[in-house]
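Heads up, entry_12.cif below (mmCIF, C-alpha atoms):
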```
data_protein
loop_
_atom_site.label_atom_id
_atom_site.label_comp_id
_atom_site.auth_asym_id
_atom_site.auth_seq_id
_atom_site.Cartn_x
_atom_site.Cartn_y
_atom_site.Cartn_z
CA ASP F 159 0.00 0.00 0.00
CA VAL F 160 1.40 3.37 -1.02
CA LYS F 161 2.21 5.76 1.75
CA VAL F 162 3.14 9.42 2.04
CA THR F 163 3.56 10.76 5.56
CA GLN F 164 4.03 14.28 6.85
CA SER F 165 5.77 15.13 10.07
CA SER F 166 2.92 17.08 11.68
CA ARG F 167 -0.84 17.35 11.21
CA TYR F 168 -1.06 20.67 13.03
CA LEU F 169 1.59 23.27 13.72
CA VAL F 170 1.49 26.65 15.44
CA LYS F 171 4.44 28.99 14.96
CA ARG F 172 5.24 32.62 15.62
CA THR F 173 6.06 35.24 13.00
CA GLY F 174 9.74 35.18 12.13
CA GLU F 175 10.35 31.58 13.19
CA LYS F 176 12.03 29.12 10.88
CA VAL F 177 9.65 26.27 10.10
CA PHE F 178 10.44 22.82 8.76
CA LEU F 179 7.81 20.58 7.22
CA GLU F 180 8.91 17.06 6.37
CA CYS F 181 7.48 14.56 3.96
CA VAL F 182 8.45 10.92 3.52
CA GLN F 183 7.29 8.47 0.87
CA ASP F 184 7.90 4.75 0.78
CA MET F 185 7.11 4.11 -2.88
CA ASP F 186 10.56 4.83 -4.36
CA HIS F 187 9.06 7.69 -6.38
CA GLU F 188 11.35 10.02 -8.23
CA ASN F 189 9.05 13.05 -8.08
CA MET F 190 7.97 14.87 -4.96
CA PHE F 191 5.86 18.00 -4.58
CA TRP F 192 4.88 20.60 -2.04
CA TYR F 193 1.52 22.32 -2.46
CA ARG F 194 -0.31 24.97 -0.55
CA GLN F 195 -4.10 24.65 -0.28
CA ASP F 196 -6.26 27.67 0.44
CA PRO F 197 -10.06 27.98 0.20
CA GLY F 198 -11.15 29.14 -3.23
CA LEU F 199 -7.65 28.84 -4.66
CA GLY F 200 -7.29 25.09 -4.93
CA LEU F 201 -3.82 23.56 -4.77
CA ARG F 202 -0.89 25.70 -5.81
CA LEU F 203 2.53 24.22 -6.41
CA ILE F 204 5.32 25.64 -4.26
CA TYR F 205 8.23 23.41 -5.31
CA PHE F 206 8.82 20.24 -7.27
CA SER F 207 11.74 17.83 -7.00
CA TYR F 208 12.47 15.25 -9.69
CA ASP F 209 15.53 13.68 -8.11
CA VAL F 210 17.79 13.89 -5.09
CA LYS F 211 19.17 17.43 -4.76
CA MET F 212 17.17 18.55 -7.82
CA LYS F 213 14.33 21.04 -7.56
CA GLU F 214 12.18 23.37 -9.59
CA LYS F 215 10.21 26.37 -8.48
CA GLY F 216 6.48 26.07 -8.75
CA ASP F 217 3.89 28.82 -9.01
CA ILE F 218 4.40 30.36 -5.54
CA PRO F 219 7.97 29.74 -4.32
CA GLU F 220 8.49 33.11 -2.64
CA GLY F 221 9.20 32.75 1.08
CA TYR F 222 9.87 29.02 0.81
CA SER F 223 12.83 26.76 0.16
CA VAL F 224 13.15 22.99 -0.09
CA SER F 225 15.66 20.26 0.53
CA ARG F 226 15.91 16.75 -0.86
CA GLU F 227 18.95 14.93 0.41
CA LYS F 228 17.43 11.45 0.17
CA LYS F 229 15.06 10.07 -2.41
CA GLU F 230 12.30 9.32 0.08
CA ARG F 231 12.38 12.62 1.96
CA PHE F 232 11.40 16.13 0.84
CA SER F 233 11.45 19.05 3.24
CA LEU F 234 9.74 22.42 2.95
CA ILE F 235 11.36 25.30 4.81
CA LEU F 236 9.82 28.61 5.72
CA GLU F 237 12.89 30.73 6.42
CA SER F 238 10.98 33.39 8.35
CA ALA F 239 7.34 32.52 8.83
CA SER F 240 4.75 35.20 8.18
CA THR F 241 1.03 35.30 8.91
CA ASN F 242 0.20 35.06 5.19
CA GLN F 243 1.81 31.62 5.19
CA THR F 244 -0.95 30.29 7.42
CA SER F 245 -2.38 27.52 5.28
CA MET F 246 -2.72 23.79 4.64
CA TYR F 247 0.44 22.25 3.16
CA LEU F 248 0.21 19.06 1.15
CA CYS F 249 3.05 16.84 0.07
CA ALA F 250 2.73 14.43 -2.85
CA SER F 251 4.88 12.00 -4.80
CA SER F 252 4.73 10.30 -8.18
CA LEU F 253 6.73 8.11 -10.48
CA ALA F 254 8.74 9.81 -13.19
CA GLY F 255 7.69 9.27 -16.79
CA GLY F 256 4.64 11.45 -17.18
CA GLN F 257 1.81 9.16 -16.15
CA GLY F 258 1.22 11.69 -13.47
CA THR F 259 -0.72 9.98 -10.70
CA GLN F 260 0.26 11.77 -7.52
CA TYR F 261 -0.15 10.28 -4.06
CA PHE F 262 -0.77 12.69 -1.25
CA GLY F 263 0.12 12.90 2.41
CA PRO F 264 -2.45 13.83 5.06
CA GLY F 265 -1.45 17.51 5.07
CA THR F 266 -0.06 19.89 7.68
CA ARG F 267 -2.25 22.72 8.86
CA LEU F 268 0.09 25.56 9.77
CA LEU F 269 -0.98 28.56 11.80
CA VAL F 270 1.45 31.47 12.03
CA LEU F 271 0.66 33.93 14.81
CA ALA N 201 0.08 29.28 -17.82
CA GLN N 202 -1.91 26.10 -17.85
CA THR N 203 -5.39 26.55 -16.38
CA VAL N 204 -8.05 24.26 -15.00
CA THR N 205 -11.53 25.63 -14.42
CA GLN N 206 -14.14 24.14 -12.13
CA SER N 207 -17.15 26.39 -12.48
CA GLN N 208 -19.20 24.94 -9.63
CA PRO N 209 -17.75 25.96 -6.25
CA GLU N 210 -20.47 24.08 -4.36
CA MET N 211 -23.08 21.46 -5.16
CA SER N 212 -25.49 19.40 -3.14
CA VAL N 213 -27.64 16.44 -4.11
CA GLN N 214 -29.89 13.95 -2.40
CA GLU N 215 -28.51 10.55 -1.55
CA ALA N 216 -28.91 8.02 -4.39
CA GLU N 217 -29.13 10.74 -7.05
CA THR N 218 -26.67 11.26 -9.88
CA VAL N 219 -24.47 14.34 -9.97
CA THR N 220 -22.04 15.70 -12.54
CA LEU N 221 -19.09 17.93 -11.73
CA SER N 222 -17.66 19.94 -14.57
CA CYS N 223 -14.06 20.72 -15.47
CA THR N 224 -12.38 22.40 -18.41
CA TYR N 225 -8.64 22.53 -18.90
CA ASP N 226 -6.03 24.02 -21.10
CA THR N 227 -2.93 22.05 -21.99
CA SER N 228 -0.45 22.07 -24.83
CA GLU N 229 0.49 18.43 -24.30
CA SER N 230 -0.47 16.00 -27.04
CA ASN N 231 -0.57 12.87 -24.93
CA TYR N 232 -1.56 13.26 -21.32
CA TYR N 233 -3.59 12.07 -18.37
CA LEU N 234 -6.41 13.83 -16.57
CA PHE N 235 -7.39 13.26 -12.98
CA TRP N 236 -10.18 13.69 -10.48
CA TYR N 237 -9.16 13.71 -6.84
CA LYS N 238 -11.38 13.60 -3.77
CA GLN N 239 -10.64 15.18 -0.39
CA PRO N 240 -13.14 14.15 2.31
CA PRO N 241 -13.52 16.50 5.28
CA SER N 242 -10.31 16.43 7.37
CA ARG N 243 -9.02 13.47 5.42
CA GLN N 244 -6.39 12.68 2.84
CA MET N 245 -6.62 13.53 -0.86
CA ILE N 246 -7.18 10.38 -2.89
CA LEU N 247 -7.41 9.60 -6.59
CA VAL N 248 -10.94 8.98 -7.83
CA ILE N 249 -10.38 8.33 -11.51
CA ARG N 250 -7.84 8.85 -14.26
CA GLN N 251 -8.36 9.31 -18.00
CA GLU N 252 -5.74 8.77 -20.67
CA ALA N 253 -6.25 11.40 -23.35
CA TYR N 254 -5.37 9.14 -26.26
CA LYS N 255 -8.09 6.66 -25.27
CA GLN N 256 -11.48 7.45 -26.75
CA GLN N 257 -13.32 5.35 -24.20
CA ASN N 258 -14.38 7.19 -21.08
CA ALA N 259 -12.89 5.87 -17.85
CA THR N 260 -15.15 4.30 -15.24
CA GLU N 261 -14.53 3.19 -11.67
CA ASN N 262 -17.59 1.63 -10.09
CA ARG N 263 -20.07 4.50 -9.53
CA PHE N 264 -17.66 7.10 -10.93
CA SER N 265 -17.31 7.83 -14.63
CA VAL N 266 -16.02 10.64 -16.78
CA ASN N 267 -17.27 12.38 -19.88
CA PHE N 268 -14.10 13.29 -21.73
CA GLN N 269 -14.42 15.65 -24.70
CA LYS N 270 -10.89 16.12 -25.98
CA ALA N 271 -11.62 18.72 -28.62
CA ALA N 272 -13.56 20.83 -26.16
CA LYS N 273 -10.99 20.19 -23.41
CA SER N 274 -13.76 19.17 -21.09
CA PHE N 275 -13.52 16.47 -18.44
CA SER N 276 -16.58 16.07 -16.24
CA LEU N 277 -17.07 13.58 -13.40
CA LYS N 278 -20.35 11.73 -12.98
CA ILE N 279 -21.20 10.11 -9.66
CA SER N 280 -24.08 7.67 -9.84
CA ASP N 281 -26.15 6.47 -6.88
CA SER N 282 -24.46 9.03 -4.65
CA GLN N 283 -23.66 8.03 -1.08
CA LEU N 284 -23.05 10.00 2.10
CA GLY N 285 -19.38 9.05 1.89
CA ASP N 286 -19.11 10.95 -1.38
CA THR N 287 -19.33 14.21 0.54
CA ALA N 288 -15.96 15.85 -0.15
CA MET N 289 -14.03 18.45 -2.09
CA TYR N 290 -13.38 17.28 -5.63
CA PHE N 291 -10.44 18.57 -7.64
CA CYS N 292 -9.83 18.19 -11.33
CA ALA N 293 -6.19 18.16 -12.52
CA SER N 294 -4.46 18.33 -15.88
CA PRO N 295 -0.79 18.12 -16.90
CA ASN N 296 1.55 21.02 -16.70
CA PHE N 297 4.57 21.31 -18.95
CA GLY N 298 5.79 17.82 -19.67
CA ASN N 299 3.32 15.76 -17.69
CA GLU N 300 5.46 15.49 -14.57
CA LYS N 301 3.49 18.24 -12.84
CA LEU N 302 -0.22 18.84 -12.52
CA THR N 303 -2.34 21.96 -12.43
CA PHE N 304 -5.35 21.69 -10.14
CA GLY N 305 -8.69 23.44 -10.33
CA THR N 306 -10.14 25.38 -7.44
CA GLY N 307 -12.37 22.51 -6.41
CA THR N 308 -16.07 21.71 -6.06
CA ARG N 309 -17.46 21.12 -2.60
CA LEU N 310 -20.02 18.34 -2.93
CA THR N 311 -22.51 17.60 -0.17
CA ILE N 312 -24.69 14.52 -0.24
CA ILE N 313 -27.93 15.10 1.65
CA PRO N 314 -29.49 12.14 3.48
#
```
Written as structure tokens, that's how I'd like the structure from this file.
Amino acid sequence: DVKVTQSSRYLVKRTGEKVFLECVQDMDHENMFWYRQDPGLGLRLIYFSYDVKMKEKGDIPEGYSVSREKKERFSLILESASTNQTSMYLCASSLAGGQGTQYFGPGTRLLVL
Amino acid sequence: AQTVTQSQPEMSVQEAETVTLSCTYDTSESNYYLFWYKQPPSRQMILVIRQEAYKQQNATENRFSVNFQKAAKSFSLKISDSQLGDTAMYFCASPNFGNEKLTFGTGTRLTIIP
């Protein structure tokens, strides 16, 4: 059974803090993704990684960075959290090759005060 | 930019009825896959159904089927005999630049009324 896990379901941080969100997949997928989900806006891609140490900016990368040191693990970093980064963050993974089916983690609901 | 449009922000139907959720997309890919995902309240996003664009036959998965109109770039989801467990947000997704990434619509919140 495919599995994508995220380090926290709920997180409360203060403005200016550095925040780490971790995602782990056990399917040996090449591709991993970080999305932000906001009401009325759907899912917006923050960053995409297609291999270890490889990354591409998505549609809304500002204020975020990522790290992929191992194939199964993809981290999202908020260097200095701001209140407008309060949101639901979803991680996903997929096989390379363009068939596209993405498997999602349970999400992390982040509140920045 | 690739766009996916779901024109129905919210829908509600009675249990056991049939409901259709609409989606239009814009892609420059010639061979691609389209997806419907479901996100139940406070639960994980899961794949409902997938359509391969080069296949003329519409995909079906039990009570879920699609109406795929390639020329019109339309990809609607039909749910037959709706059940309370179908209550969820539904997202349509199409490929984005090379098929490795997806663009998602803004979602349709579907409520099944007992």
Find the residues of chain N that sit at most 9 Å from chain F; for each, write down the nearest two atoms and how far apart they are in Å, to one decimal. Count all atoms listed in the file. Sort by chain, then by number going up, and give it as a Markdown table.
```
| residue | atom | partner | partner_atom | distance |
| --- | --- | --- | --- | --- |
| N:Pro209 | CA | F:Gly198 | CA | 7.9 |
| N:Tyr232 | CA | F:Gln257 | CA | 7.4 |
| N:Tyr233 | CA | F:Gln257 | CA | 6.5 |
| N:Leu234 | CA | F:Gly258 | CA | 8.5 |
| N:Phe235 | CA | F:Thr259 | CA | 7.8 |
| N:Ser242 | CA | F:Pro264 | CA | 8.6 |
| N:Arg243 | CA | F:Pro264 | CA | 6.6 |
| N:Gln244 | CA | F:Pro264 | CA | 4.7 |
| N:Met245 | CA | F:Phe262 | CA | 5.9 |
| N:Ile246 | CA | F:Phe262 | CA | 7.0 |
| N:Leu247 | CA | F:Tyr261 | CA | 7.7 |
| N:Arg250 | CA | F:Thr259 | CA | 8.0 |
| N:Glu252 | CA | F:Gln257 | CA | 8.8 |
| N:Phe291 | CA | F:Gly200 | CA | 7.7 |
| N:Pro295 | CA | F:Gly258 | CA | 7.6 |
| N:Gly298 | CA | F:Gly256 | CA | 6.9 |
| N:Asn299 | CA | F:Gly256 | CA | 4.5 |
| N:Glu300 | CA | F:Gly256 | CA | 4.9 |
| N:Lys301 | CA | F:Gly258 | CA | 7.0 |
| N:Leu302 | CA | F:Gly258 | CA | 7.4 |
| N:Thr303 | CA | F:Arg202 | CA | 7.7 |
| N:Phe304 | CA | F:Leu201 | CA | 5.9 |
| N:Gly305 | CA | F:Gly200 | CA | 5.8 |
| N:Thr306 | CA | F:Gly200 | CA | 3.8 |
| N:Gly307 | CA | F:Gly200 | CA | 5.9 |
```
Hey, can you spit out that residue selection with C-alpha atoms as a PDB file, in the frame of the given file?
```pdb
ATOM      1  CA  PRO N 209     -17.750  25.960  -6.250  1.00  0.00           C
ATOM      2  CA  TYR N 232      -1.560  13.260 -21.320  1.00  0.00           C
ATOM      3  CA  TYR N 233      -3.590  12.070 -18.370  1.00  0.00           C
ATOM      4  CA  LEU N 234      -6.410  13.830 -16.570  1.00  0.00           C
ATOM      5  CA  PHE N 235      -7.390  13.260 -12.980  1.00  0.00           C
ATOM      6  CA  SER N 242     -10.310  16.430   7.370  1.00  0.00           C
ATOM      7  CA  ARG N 243      -9.020  13.470   5.420  1.00  0.00           C
ATOM      8  CA  GLN N 244      -6.390  12.680   2.840  1.00  0.00           C
ATOM      9  CA  MET N 245      -6.620  13.530  -0.860  1.00  0.00           C
ATOM     10  CA  ILE N 246      -7.180  10.380  -2.890  1.00  0.00           C
ATOM     11  CA  LEU N 247      -7.410   9.600  -6.590  1.00  0.00           C
ATOM     12  CA  ARG N 250      -7.840   8.850 -14.260  1.00  0.00           C
ATOM     13  CA  GLU N 252      -5.740   8.770 -20.670  1.00  0.00           C
ATOM     14  CA  PHE N 291     -10.440  18.570  -7.640  1.00  0.00           C
ATOM     15  CA  PRO N 295      -0.790  18.120 -16.900  1.00  0.00           C
ATOM     16  CA  GLY N 298       5.790  17.820 -19.670  1.00  0.00           C
ATOM     17  CA  ASN N 299       3.320  15.760 -17.690  1.00  0.00           C
ATOM     18  CA  GLU N 300       5.460  15.490 -14.570  1.00  0.00           C
ATOM     19  CA  LYS N 301       3.490  18.240 -12.840  1.00  0.00           C
ATOM     20  CA  LEU N 302      -0.220  18.840 -12.520  1.00  0.00           C
ATOM     21  CA  THR N 303      -2.340  21.960 -12.430  1.00  0.00           C
ATOM     22  CA  PHE N 304      -5.350  21.690 -10.140  1.00  0.00           C
ATOM     23  CA  GLY N 305      -8.690  23.440 -10.330  1.00  0.00           C
ATOM     24  CA  THR N 306     -10.140  25.380  -7.440  1.00  0.00           C
ATOM     25  CA  GLY N 307     -12.370  22.510  -6.410  1.00  0.00           C
TER      26      GLY N 307
END
```
- Query: So which residues get picked by the PyMOL selection byres ((chain N and resi 284) around 12) here, written as a PyMOL selection string?
  - Reply: chain N and resi 212-217+240-241+279+281-283+285-288+310-314
- Using only C-alpha atoms, which residues sit within 10 Å of region 228-237 of chain F once same-chain residues fewer than 2 positions away are excluded, as a PyMOL selection string? chain F and resi 162-165+174-193+204-211+220-226+239-240+243+247+249-251
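Here CA of Phe264 (chain N) is placed at a distance of 7.0 Å from CA of Leu277 (chain N).
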Starting from the shown file, work through the PyMOL selection byres ((chain N and resi 256) around 12) and note down what comes out as a compact mmCIF listing (two decimals) with C-alpha atoms, in the frame of the given file.
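Output file selection_10.txt follows:
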```txt
# COMPACT_ATOMS: atom_id res chain seq x y z
CA GLN N 251 -8.36 9.31 -18.00
CA GLU N 252 -5.74 8.77 -20.67
CA ALA N 253 -6.25 11.40 -23.35
CA TYR N 254 -5.37 9.14 -26.26
CA LYS N 255 -8.09 6.66 -25.27
CA GLN N 257 -13.32 5.35 -24.20
CA ASN N 258 -14.38 7.19 -21.08
CA ALA N 259 -12.89 5.87 -17.85
CA VAL N 266 -16.02 10.64 -16.78
CA ASN N 267 -17.27 12.38 -19.88
CA PHE N 268 -14.10 13.29 -21.73
CA GLN N 269 -14.42 15.65 -24.70
CA LYS N 270 -10.89 16.12 -25.98
CA ALA N 271 -11.62 18.72 -28.62
```
As a check of understanding: the span from CA of Ser274 (chain N) to CA of Ser228 (chain N) is 14.1 Å
8 Å contact set for Val270 (chain F), all atoms listed in the file, chain neighbours under 6 positions out, as a PyMOL selection string: chain F and resi 170-173+239-244
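CA of Arg267 (chain F) to CA of Ser222 (chain N) spans 28.2 Å [interatomic distance, one decimal].
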